[in-house]
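Undergrad: Just so it is clear, I am handing over protein-v5.cif, which has mmCIF, C-alpha atoms and all ligand atoms.
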```cif
data_work
#
loop_
_atom_site.label_atom_id
_atom_site.label_comp_id
_atom_site.auth_asym_id
_atom_site.auth_seq_id
_atom_site.Cartn_x
_atom_site.Cartn_y
_atom_site.Cartn_z
CA MET A 105 12.44 -2.91 -2.21
CA HIS A 106 11.02 -4.58 -5.29
CA ARG A 107 12.74 -7.80 -6.34
CA ARG A 108 14.81 -7.35 -9.50
CA PHE A 109 15.49 -10.88 -10.77
CA PRO A 110 13.41 -13.84 -11.99
CA VAL A 111 12.50 -16.75 -9.72
CA VAL A 112 11.76 -20.00 -11.51
CA LYS A 113 10.34 -23.08 -9.89
CA THR A 114 11.16 -26.63 -10.87
CA ASP A 115 10.48 -30.14 -9.67
CA LEU A 116 13.82 -31.78 -8.89
CA GLU A 117 12.45 -35.12 -10.11
CA LYS A 118 11.95 -33.73 -13.61
CA ILE A 119 14.00 -30.59 -14.05
CA ASP A 120 12.86 -28.32 -16.82
CA ASN A 121 15.49 -28.20 -19.60
CA ASP A 122 14.66 -24.60 -20.43
CA ILE A 123 15.61 -23.61 -16.90
CA LEU A 124 18.94 -25.43 -17.10
CA GLU A 125 19.72 -23.82 -20.46
CA LYS A 126 18.80 -20.35 -19.26
CA ALA A 127 20.77 -20.69 -16.00
CA SER A 128 23.82 -22.04 -17.77
CA GLU A 129 23.72 -19.11 -20.24
CA VAL A 130 23.62 -16.68 -17.31
CA LEU A 131 26.61 -18.38 -15.66
CA LYS A 132 28.67 -18.55 -18.86
CA LYS A 133 28.12 -14.81 -19.38
CA GLY A 134 29.44 -14.05 -15.90
CA GLY A 135 26.09 -13.76 -14.08
CA LEU A 136 25.01 -15.11 -10.70
CA VAL A 137 22.43 -17.88 -10.20
CA ALA A 138 21.05 -19.11 -6.86
CA PHE A 139 20.00 -22.76 -6.67
CA PRO A 140 19.41 -25.62 -4.23
CA THR A 141 22.13 -28.11 -3.34
CA GLU A 142 21.66 -31.08 -1.02
CA THR A 143 23.14 -29.03 1.87
CA VAL A 144 21.87 -25.43 1.57
CA TYR A 145 21.06 -23.02 -1.28
CA GLY A 146 24.16 -21.77 -3.09
CA LEU A 147 24.88 -18.63 -5.11
CA GLY A 148 26.82 -19.72 -8.17
CA ALA A 149 29.24 -18.07 -10.58
CA HIS A 150 31.70 -19.24 -13.25
CA ALA A 151 34.64 -20.27 -11.05
CA LEU A 152 37.31 -19.38 -13.61
CA ASP A 153 35.83 -15.98 -14.49
CA GLU A 154 37.48 -13.43 -12.22
CA ARG A 155 34.83 -10.78 -12.81
CA ALA A 156 31.99 -13.15 -12.01
CA VAL A 157 33.70 -14.28 -8.79
CA THR A 158 34.35 -10.64 -7.84
CA LYS A 159 30.62 -9.98 -8.27
CA LEU A 160 29.90 -12.87 -5.89
CA PHE A 161 31.99 -11.23 -3.16
CA GLU A 162 30.37 -7.85 -3.78
CA VAL A 163 26.78 -9.05 -3.74
CA LYS A 164 27.26 -11.08 -0.56
CA LYS A 165 29.35 -8.30 1.01
CA ARG A 166 31.76 -11.14 1.69
CA ASP A 167 35.11 -10.44 3.24
CA LEU A 168 37.84 -10.82 0.61
CA SER A 169 39.80 -13.01 3.03
CA ASP A 170 37.14 -15.75 2.89
CA PRO A 171 37.76 -18.23 0.03
CA ILE A 172 34.94 -19.87 -1.93
CA ILE A 173 34.24 -23.54 -2.73
CA VAL A 174 34.38 -24.74 -6.36
CA HIS A 175 31.74 -27.32 -7.34
CA ILE A 176 32.39 -30.00 -9.95
CA SER A 177 30.32 -32.84 -11.38
CA ASP A 178 33.09 -35.06 -12.68
CA LEU A 179 36.49 -36.13 -11.29
CA LYS A 180 38.13 -35.07 -14.56
CA GLN A 181 37.39 -31.45 -13.64
CA LEU A 182 39.72 -31.76 -10.64
CA ASP A 183 42.75 -31.74 -12.94
CA GLU A 184 42.16 -28.18 -14.11
CA LEU A 185 41.87 -26.96 -10.51
CA VAL A 186 44.36 -28.83 -8.33
CA ARG A 187 48.05 -29.69 -8.51
CA LYS A 188 47.87 -33.08 -6.87
CA VAL A 189 45.24 -35.46 -5.52
CA PRO A 190 46.73 -37.13 -2.43
CA SER A 191 45.75 -40.76 -1.92
CA VAL A 192 43.73 -39.98 1.19
CA ALA A 193 41.72 -37.46 -0.87
CA LYS A 194 41.05 -40.16 -3.49
CA ARG A 195 39.71 -42.46 -0.80
CA LEU A 196 37.50 -39.77 0.68
CA ALA A 197 36.23 -38.71 -2.75
CA ASP A 198 35.47 -42.35 -3.63
CA ALA A 199 33.52 -42.73 -0.43
CA PHE A 200 31.62 -39.43 -0.23
CA TRP A 201 31.44 -37.81 -3.68
CA PRO A 202 28.99 -36.84 -4.90
CA GLY A 203 27.95 -35.55 -1.48
CA PRO A 204 28.34 -33.00 1.32
CA LEU A 205 32.15 -33.14 1.62
CA THR A 206 34.50 -30.32 0.59
CA LEU A 207 38.19 -31.15 0.21
CA ILE A 208 41.04 -28.63 0.35
CA PHE A 209 43.82 -29.20 -2.21
CA LYS A 210 46.95 -27.37 -3.36
CA ARG A 211 45.65 -25.21 -6.20
CA LYS A 212 46.65 -24.61 -9.80
CA GLU A 213 47.45 -21.10 -11.09
CA THR A 214 44.49 -21.14 -13.51
CA ILE A 215 42.14 -20.28 -10.65
CA PRO A 216 41.52 -16.57 -10.02
CA ASP A 217 43.35 -15.41 -6.87
CA ILE A 218 40.24 -13.74 -5.54
CA LEU A 219 38.39 -17.09 -5.41
CA THR A 220 40.93 -18.60 -3.03
CA ALA A 221 41.50 -15.34 -1.14
CA GLY A 222 45.12 -15.51 -2.27
CA LEU A 223 45.74 -18.88 -0.55
CA ASP A 224 47.75 -21.58 -2.30
CA THR A 225 44.88 -24.01 -1.75
CA VAL A 226 41.41 -24.45 -3.24
CA ALA A 227 38.26 -26.00 -1.79
CA VAL A 228 36.45 -28.43 -4.11
CA ARG A 229 33.18 -30.29 -3.70
CA MET A 230 31.23 -32.66 -5.94
CA PRO A 231 27.67 -32.13 -4.74
CA SER A 232 24.93 -34.76 -4.98
CA GLY A 233 22.17 -32.16 -5.41
CA ILE A 234 20.68 -33.04 -8.78
CA LEU A 235 20.06 -29.49 -9.92
CA ILE A 236 23.58 -28.16 -9.36
CA ARG A 237 25.04 -31.33 -10.90
CA LYS A 238 22.97 -30.88 -14.04
CA LEU A 239 23.87 -27.21 -14.16
CA ILE A 240 27.61 -27.97 -14.03
CA LYS A 241 27.15 -30.57 -16.80
CA GLU A 242 25.00 -28.31 -18.98
CA SER A 243 27.33 -25.29 -18.65
CA ARG A 244 30.53 -27.39 -18.70
CA ILE A 245 32.11 -25.04 -16.16
CA PRO A 246 33.18 -25.48 -12.54
CA ILE A 247 30.81 -23.42 -10.38
CA ALA A 248 32.02 -21.29 -7.47
CA ALA A 249 29.23 -21.23 -4.91
CA PRO A 250 29.09 -19.91 -1.37
CA SER A 251 25.86 -20.24 0.56
CA ALA A 252 23.29 -17.78 -0.85
CA ASN A 253 23.19 -15.42 2.12
CA MET A 254 24.77 -12.11 3.08
CA PHE A 255 28.18 -12.61 4.70
CA GLY A 256 27.94 -13.83 8.30
CA ARG A 257 24.22 -14.56 8.15
CA ILE A 258 22.24 -17.79 8.36
CA SER A 259 22.48 -20.03 5.28
CA PRO A 260 19.28 -20.35 3.23
CA VAL A 261 17.54 -23.71 3.11
CA CYS A 262 14.73 -22.78 0.70
CA ALA A 263 14.10 -20.24 -2.07
CA LYS A 264 12.12 -17.97 0.26
CA ASP A 265 15.20 -17.67 2.51
CA VAL A 266 17.26 -16.52 -0.50
CA LEU A 267 14.63 -13.87 -1.19
CA ASP A 268 14.98 -12.73 2.44
CA GLU A 269 18.67 -12.12 1.75
CA PHE A 270 18.73 -10.54 -1.70
CA GLN A 271 16.40 -8.15 -3.48
CA ALA A 272 18.85 -7.39 -6.29
CA GLY A 273 22.35 -8.16 -7.52
CA ILE A 274 21.69 -11.73 -8.57
CA ASP A 275 20.42 -12.72 -12.01
CA MET A 276 18.21 -15.73 -11.34
CA LEU A 277 16.90 -17.89 -8.50
CA ILE A 278 15.89 -21.49 -9.07
CA ASP A 279 13.35 -22.75 -6.54
CA GLY A 280 13.75 -26.50 -6.20
CA GLY A 281 12.08 -26.88 -2.79
CA PRO A 282 13.74 -27.31 0.60
CA ALA A 283 17.40 -28.41 0.90
CA GLU A 284 17.61 -31.98 2.13
CA ILE A 285 20.39 -31.81 4.75
CA GLY A 286 19.99 -28.24 6.03
CA VAL A 287 23.60 -27.54 7.12
CA GLU A 288 26.65 -26.95 4.93
CA SER A 289 29.24 -29.48 3.76
CA THR A 290 32.07 -30.79 5.94
CA VAL A 291 35.29 -28.95 5.02
CA CYS A 292 38.29 -31.25 5.22
CA ASP A 293 41.92 -30.29 4.63
CA VAL A 294 43.88 -33.06 2.91
CA THR A 295 46.96 -31.02 2.00
CA SER A 296 49.11 -32.61 4.70
CA SER A 297 49.39 -36.13 6.08
CA LYS A 298 47.27 -35.10 9.06
CA VAL A 299 43.65 -34.90 7.85
CA LYS A 300 41.94 -31.90 9.45
CA ILE A 301 38.29 -30.97 9.70
CA LEU A 302 37.96 -27.19 9.30
CA ARG A 303 34.16 -27.19 9.46
CA PRO A 304 31.94 -30.08 10.60
CA GLY A 305 29.01 -30.58 8.23
CA GLY A 306 26.95 -33.02 6.16
CA VAL A 307 29.45 -35.92 6.32
CA ASP A 308 30.07 -37.12 9.89
CA ILE A 309 33.56 -37.18 11.35
CA GLU A 310 32.90 -40.79 12.38
CA GLN A 311 32.27 -41.67 8.71
CA ILE A 312 35.48 -39.92 7.63
CA GLU A 313 37.50 -41.71 10.31
CA SER A 314 36.14 -45.05 9.17
CA ILE A 315 37.49 -44.39 5.67
CA ILE A 316 40.94 -43.09 6.59
CA GLY A 317 41.33 -45.65 9.36
CA SER A 318 42.54 -43.17 11.98
CA ASP A 319 41.31 -40.24 14.03
CA VAL A 320 40.88 -36.94 12.26
CA PHE A 321 42.00 -33.69 13.76
CA LEU A 322 39.26 -31.19 14.53
CA GLU A 323 40.97 -27.90 13.73
CA LYS A 324 40.97 -25.58 16.71
CA ASP A 325 44.11 -23.59 15.96
CA LYS A 326 42.88 -19.98 15.73
CA GLU A 327 45.60 -18.95 13.26
CA LEU A 328 44.76 -21.75 10.90
CA LEU A 329 41.07 -21.15 11.27
CA LYS A 330 41.53 -17.57 10.13
CA ARG A 331 42.13 -19.09 6.71
CA SER A 332 38.73 -20.71 6.85
CA PRO A 333 36.77 -17.74 8.12
CA GLY A 334 33.48 -19.60 8.03
CA SER A 335 34.89 -21.28 11.07
CA VAL A 336 35.64 -18.22 13.21
CA GLN A 337 33.30 -17.14 16.00
CA ARG A 338 30.04 -15.29 15.37
CA HIS A 339 28.97 -16.59 12.03
CA TYR A 340 25.79 -18.24 10.81
CA SER A 341 24.17 -15.62 12.98
CA PRO A 342 20.56 -14.79 13.55
CA GLU A 343 19.76 -11.19 14.48
CA CYS A 344 18.56 -12.35 17.91
CA ASP A 345 21.17 -13.07 20.57
CA LEU A 346 21.54 -16.77 21.25
CA VAL A 347 22.53 -18.55 24.45
CA ILE A 348 23.18 -22.29 24.65
CA VAL A 349 22.13 -24.42 27.61
CA GLU A 350 24.51 -27.37 27.86
CA MET A 351 23.15 -30.92 28.22
CA GLY A 352 22.77 -32.36 31.70
CA PRO A 353 20.31 -33.82 34.18
CA ASP A 354 18.90 -30.44 35.25
CA GLN A 355 18.79 -29.05 31.69
CA ILE A 356 15.04 -28.31 31.69
CA GLU A 357 15.32 -26.41 34.99
CA ARG A 358 18.29 -24.39 33.71
CA VAL A 359 16.34 -23.41 30.60
CA LYS A 360 13.40 -22.32 32.77
CA ASP A 361 15.66 -20.30 35.11
CA LEU A 362 17.31 -18.56 32.19
CA PHE A 363 13.92 -17.86 30.63
CA THR A 364 12.72 -16.21 33.85
CA SER A 365 15.88 -14.20 34.30
CA PHE A 366 15.68 -12.85 30.73
CA ALA A 367 11.98 -12.07 31.08
CA ASP A 368 12.63 -10.28 34.41
CA LYS A 369 15.17 -8.07 32.63
CA GLY A 370 12.58 -7.05 30.05
CA PHE A 371 13.69 -9.39 27.25
CA SER A 372 11.34 -11.56 25.24
CA PRO A 373 13.10 -14.94 25.22
CA GLY A 374 12.32 -17.75 22.79
CA ILE A 375 13.32 -21.37 23.42
CA LEU A 376 14.79 -23.64 20.76
CA ALA A 377 14.01 -26.96 22.39
CA VAL A 378 14.34 -30.65 21.68
CA ARG A 379 10.97 -32.31 21.12
CA GLU A 380 11.20 -34.39 24.29
CA HIS A 381 11.40 -31.24 26.46
CA ALA A 382 9.18 -28.85 24.52
CA GLU A 383 6.08 -29.43 26.63
CA SER A 384 7.92 -28.31 29.77
CA PHE A 385 8.25 -24.76 28.40
CA PRO A 386 5.72 -21.96 27.71
CA SER A 387 4.07 -22.98 24.42
CA ASP A 388 4.03 -19.46 22.92
CA SER A 389 7.82 -19.17 23.31
CA VAL A 390 9.03 -22.58 22.23
CA ARG A 391 10.03 -23.98 18.84
CA VAL A 392 11.12 -27.56 18.29
CA LEU A 393 14.54 -28.21 16.77
CA GLY A 394 13.99 -31.96 16.50
CA SER A 395 14.16 -35.11 18.52
CA LEU A 396 17.08 -35.71 20.92
CA ASN A 397 17.83 -38.93 19.06
CA ASN A 398 17.48 -37.56 15.56
CA ALA A 399 20.45 -35.36 14.60
CA LYS A 400 19.34 -35.36 10.95
CA GLU A 401 16.03 -33.80 11.88
CA CYS A 402 17.80 -31.22 14.08
CA ALA A 403 20.16 -30.31 11.21
CA ARG A 404 17.30 -29.99 8.73
CA ASN A 405 15.35 -27.67 11.02
CA LEU A 406 18.16 -25.57 12.50
CA TYR A 407 18.41 -22.63 10.07
CA LYS A 408 14.66 -22.66 9.46
CA ARG A 409 13.99 -22.21 13.18
CA LEU A 410 16.66 -19.51 13.59
CA ARG A 411 15.06 -17.54 10.74
CA GLU A 412 11.62 -18.00 12.31
CA PHE A 413 12.94 -16.55 15.58
CA ASP A 414 14.44 -13.60 13.68
CA LYS A 415 11.02 -12.84 12.25
CA SER A 416 9.26 -13.24 15.60
CA ASP A 417 9.05 -10.75 18.47
CA HIS A 418 11.63 -12.68 20.48
CA ASP A 419 14.90 -10.87 21.02
CA VAL A 420 16.97 -13.64 22.57
CA ILE A 421 17.05 -17.38 21.83
CA ILE A 422 17.72 -19.95 24.54
CA ALA A 423 18.92 -23.03 22.64
CA GLU A 424 19.14 -26.48 24.18
CA ALA A 425 22.37 -28.31 23.36
CA VAL A 426 22.10 -31.59 21.44
CA ASN A 427 24.29 -34.66 21.37
CA THR A 428 27.39 -34.13 19.20
CA LYS A 429 27.28 -37.58 17.57
CA GLY A 430 26.97 -37.64 13.75
CA LEU A 431 25.30 -34.53 12.32
CA GLY A 432 24.82 -33.29 15.89
CA LEU A 433 28.41 -32.02 15.81
CA ALA A 434 27.57 -29.69 12.90
CA VAL A 435 24.39 -28.54 14.67
CA MET A 436 26.30 -27.68 17.86
CA ASN A 437 29.08 -26.01 15.85
CA ARG A 438 26.55 -23.69 14.14
CA LEU A 439 24.74 -22.98 17.41
CA LYS A 440 28.06 -22.05 19.02
CA LYS A 441 28.94 -19.79 16.09
CA ALA A 442 25.52 -18.18 16.27
CA SER A 443 26.02 -17.56 19.99
CA GLY A 444 29.42 -15.99 19.45
CA GLY A 445 30.69 -18.48 21.98
CA SER A 446 28.37 -17.56 24.87
CA SER A 447 26.93 -20.28 27.08
CA GLY A 448 23.97 -20.47 29.44
CA LYS A 449 26.22 -20.00 32.45
CA HIS A 450 26.82 -16.40 31.46
CA PRO A 451 23.57 -14.78 30.40
CA ILE A 452 24.09 -11.48 28.60
O1 LIG B 501 27.46 -26.99 1.63
C1 LIG B 501 28.24 -26.10 1.28
O2 LIG B 501 29.46 -26.18 1.44
C2 LIG B 501 27.62 -24.85 0.64
C3 LIG B 501 26.98 -25.27 -0.68
C4 LIG B 501 26.42 -24.09 -1.45
O3 LIG B 501 27.88 -26.00 -1.44
N1 LIG B 501 28.61 -23.84 0.46
C5 LIG B 501 29.13 -23.14 1.49
O4 LIG B 501 30.02 -22.14 1.09
O5 LIG B 501 28.85 -23.34 2.65
P1 LIG B 501 30.50 -20.99 2.05
O6 LIG B 501 31.27 -20.06 1.22
O7 LIG B 501 29.34 -20.44 2.77
O8 LIG B 501 31.49 -21.72 3.04
C6 LIG B 501 32.73 -22.20 2.54
C7 LIG B 501 33.67 -22.49 3.65
C8 LIG B 501 34.13 -21.23 4.35
O9 LIG B 501 34.22 -21.49 5.74
C9 LIG B 501 35.51 -21.00 3.75
O10 LIG B 501 36.35 -20.26 4.60
C10 LIG B 501 35.99 -22.43 3.55
O11 LIG B 501 34.83 -23.12 3.11
N2 LIG B 501 37.03 -22.50 2.50
C11 LIG B 501 36.90 -22.27 1.18
N3 LIG B 501 38.08 -22.38 0.55
C12 LIG B 501 39.00 -22.70 1.49
C13 LIG B 501 40.41 -22.93 1.48
N4 LIG B 501 41.12 -22.87 0.35
N5 LIG B 501 41.01 -23.23 2.66
C14 LIG B 501 40.30 -23.31 3.81
N6 LIG B 501 38.96 -23.09 3.89
C15 LIG B 501 38.33 -22.78 2.75
MG MG B 502 28.26 -19.53 4.10
#
```
Taking this structure as input, can you express it in the form of structure tokens?

TA:
Amino acid sequence: MHRRFPVVKTDLEKIDNDILEKASEVLKKGGLVAFPTETVYGLGAHALDERAVTKLFEVKKRDLSDPIIVHISDLKQLDELVRKVPSVAKRLADAFWPGPLTLIFKRKETIPDILTAGLDTVAVRMPSGILIRKLIKESRIPIAAPSANMFGRISPVCAKDVLDEFQAGIDMLIDGGPAEIGVESTVCDVTSSKVKILRPGGVDIEQIESIIGSDVFLEKDKELLKRSPGSVQRHYSPECDLVIVEMGPDQIERVKDLFTSFADKGFSPGILAVREHAESFPSDSVRVLGSLNNAKECARNLYKRLREFDKSDHDVIIAEAVNTKGLGLAVMNRLKKASGGSSGKHPI
């Protein structure tokens, strides 16, 4: 299908004012604009405009039970969204805003119910991405923005990825080059005294623990996670099936065995490997996620590689596990979601 919206390119170092003005007009009138943030590309709408937010759900085919994050550029904007800012939230915001951390607060009534999926809480993030920050300032509105992909699919990390997802339904796409971090923000619930991580992401759990001075709770309660549907199984999914091979001394051999067993069954397996192992595998089937010791690189490449596999002839991805330190936790979380929970021990 022919694309039905404008794509404008800008250098993030010197953002074109015309583009900001145009995009902010679109948002104020209730339209949808896709843009880069430091984590992934977002699809933005006026957060307090119920019709605009409804359009967001429709275009993404997003389940109405999945609430959306509101983006702000100034702490003063928090007051119109949330009832109370607990002291632990203040400390976390001081430490990580602007940046890839989303905090869950008790919400005010001014927010459309649809945005929070009827919950009594709202997710808020002050991004560091320069374009979205300027857009919030220019339009003077809080911007609701999920990742700019169809519901359940891989998040986009460049403008081309957004074009893979949408041919129509959005009003403008701003191409500001590749997203810096490559995985979404960390979602952290600060509504009770026990700080909970609902989704690991751009800010490490270790960093959060160092600020609050105690361990955080990695939310595993299925009931609670239903409220944060981005955290349920089978999400961030490529079209290919994905199987994870856990770390261990015989990891390379296990990848090779799995590769052979898939090939014997008539599949065309691809291998998402760490750089240090890549040469051990058939070169026409392997793609490098990043170095074993570089979680940032792995995070930046993850969605790009999964999309490449989707476009290739491979029909199953064998992914090597990485260390869960720092950003590695977010990488493994997304790989597990993409696999629907399957592991190399149980090939499909
Ligand atoms: O990095 C990011 O967070 C990107 C960029 C665009 O900012 N946005 C993003 O949005 O990843 P989305 O909609 O793809 O994921 C938002 C996650 C979902 O898992 C959602 O369930 C959770 O945040 N969430 C939103 N509001 C919530 C709430 N009130 N309580 C619990 N979880 C919430
Ligand atoms: Mg998303």

Undergrad: Return as a PyMOL selection string every polymer residue, whether protein, DNA or RNA, with at least one atom no more than 7 Å from an atom of ligand LIG 501 (chain B); count all atoms listed in the file.

TA: chain A and resi 141+143-147+170-173+204+206+208+220+223+225-227+231+249-251+287-291+302-303+331-335

Undergrad: Need the shell around Gly286 (chain A): protein/DNA/RNA residues with any atom at most 8 Å away, counting all atoms listed in the file. Skip same-chain ones fewer than 4 positions apart. Format as a tab-separated table (two decimals) with C-alpha atoms, keeping the file's coordinate frame?

TA:
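Okay, this is what ended up in part-v2.tsv:
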```tsv
chain	number	residue	atom	x	y	z
A	142	GLU	CA	21.66	-31.08	-1.02
A	143	THR	CA	23.14	-29.03	1.87
A	144	VAL	CA	21.87	-25.43	1.57
A	261	VAL	CA	17.54	-23.71	3.11
A	403	ALA	CA	20.16	-30.31	11.21
A	404	ARG	CA	17.30	-29.99	8.73
A	405	ASN	CA	15.35	-27.67	11.02
A	406	LEU	CA	18.16	-25.57	12.50
A	407	TYR	CA	18.41	-22.63	10.07
```

Undergrad: Between A:Lys165, A:Lys210, A:Arg195, A:Lys238, single out the one closest to Asp183 (chain A), counting only C-alpha atoms.

TA: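 Counting only C-alpha atoms, the residue closest to Asp183 (chain A) is A:Lys210.
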
Undergrad: Excluding Val359 (chain A) and any residue of its chain fewer than 2 positions from it, enumerate the residues within 8 Å of it, using all atoms listed in the file, and give them as number ranges by chain.

TA: A: 349, 355-357, 361-363, 422, 424

Undergrad: I'd like the neighbourhood of His106 (chain A) as a PyMOL selection string, where a residue qualifies if any of its atoms comes within 12 Å (using all atoms listed in the file), though same-chain residues fewer than 5 positions away should be ignored.

TA: chain A and resi 267-268+270-272

Undergrad: What separation in Å, quoted to one decimal, exists between CA of Glu313 (chain A) and CA of Pro202 (chain A)?

TA: 18.1 Å

Undergrad: Show which residues sit within 12 Å of Asp265 (chain A), as a PDB file with C-alpha atoms, in the coordinates of the input. Count only C-alpha atoms, and ignore same-chain residues fewer than 6 positions away.

TA:
```pdb
ATOM      1  CA  ALA A 138      21.050 -19.110  -6.860  1.00  0.00           C
ATOM      2  CA  PHE A 139      20.000 -22.760  -6.670  1.00  0.00           C
ATOM      3  CA  PRO A 140      19.410 -25.620  -4.230  1.00  0.00           C
ATOM      4  CA  VAL A 144      21.870 -25.430   1.570  1.00  0.00           C
ATOM      5  CA  TYR A 145      21.060 -23.020  -1.280  1.00  0.00           C
ATOM      6  CA  GLY A 146      24.160 -21.770  -3.090  1.00  0.00           C
ATOM      7  CA  SER A 251      25.860 -20.240   0.560  1.00  0.00           C
ATOM      8  CA  ALA A 252      23.290 -17.780  -0.850  1.00  0.00           C
ATOM      9  CA  ASN A 253      23.190 -15.420   2.120  1.00  0.00           C
ATOM     10  CA  MET A 254      24.770 -12.110   3.080  1.00  0.00           C
ATOM     11  CA  ARG A 257      24.220 -14.560   8.150  1.00  0.00           C
ATOM     12  CA  ILE A 258      22.240 -17.790   8.360  1.00  0.00           C
ATOM     13  CA  SER A 259      22.480 -20.030   5.280  1.00  0.00           C
ATOM     14  CA  GLN A 271      16.400  -8.150  -3.480  1.00  0.00           C
ATOM     15  CA  LEU A 277      16.900 -17.890  -8.500  1.00  0.00           C
ATOM     16  CA  ASP A 279      13.350 -22.750  -6.540  1.00  0.00           C
ATOM     17  CA  GLY A 281      12.080 -26.880  -2.790  1.00  0.00           C
ATOM     18  CA  PRO A 282      13.740 -27.310   0.600  1.00  0.00           C
ATOM     19  CA  ALA A 283      17.400 -28.410   0.900  1.00  0.00           C
ATOM     20  CA  TYR A 407      18.410 -22.630  10.070  1.00  0.00           C
ATOM     21  CA  LYS A 408      14.660 -22.660   9.460  1.00  0.00           C
ATOM     22  CA  ARG A 409      13.990 -22.210  13.180  1.00  0.00           C
ATOM     23  CA  LEU A 410      16.660 -19.510  13.590  1.00  0.00           C
ATOM     24  CA  ARG A 411      15.060 -17.540  10.740  1.00  0.00           C
ATOM     25  CA  GLU A 412      11.620 -18.000  12.310  1.00  0.00           C
ATOM     26  CA  ASP A 414      14.440 -13.600  13.680  1.00  0.00           C
ATOM     27  CA  LYS A 415      11.020 -12.840  12.250  1.00  0.00           C
TER      28      LYS A 415
END
```

Undergrad: For CA of Glu154 (chain A) and CA of Arg108 (chain A), determine how far apart the two atoms are, in Å to one decimal place.

TA: 23.6 Å

Undergrad: Grab the CA of Ile348 (chain A) to CA of Arg379 (chain A) distance for me, in Å with one decimal place.

TA: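 About the pair CA of Ile348 (chain A) and CA of Arg379 (chain A): they are 16.2 Å apart.
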
Undergrad: In terms of the shortest atom-to-atom distance over all atoms listed in the file, which of A:Ser243, A:Ser341, A:Thr428, A:Thr114 is closest to Ile309 (chain A)?

TA: A:Thr428

Undergrad: If we draw a sphere of 12 Å around (32.9, -40.9, -2.0), which residues have at least one atom in it when counting all atoms listed in the file? Please report them as a list of chain:residue names.

TA: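 Checking each residue against the 12 Å limit leaves A:Leu179, A:Val192, A:Ala193, A:Lys194, A:Arg195, A:Leu196, A:Ala197, A:Asp198, A:Ala199, A:Phe200, A:Trp201, A:Pro202, A:Gly203, A:Pro204, A:Leu205, A:Thr206, A:Leu207, A:Arg229, A:Met230, A:Pro231, A:Ser232, A:Val307, A:Gln311, A:Ile312, A:Ile315, A:Ile316.
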
Undergrad: Can you pull out every residue within 9 Å of Ile119 (chain A), counting all atoms listed in the file, but drop anything in the same chain fewer than 4 positions away, and send it as a PyMOL selection string?

TA: chain A and resi 114-115+123-124+234-235+238+280
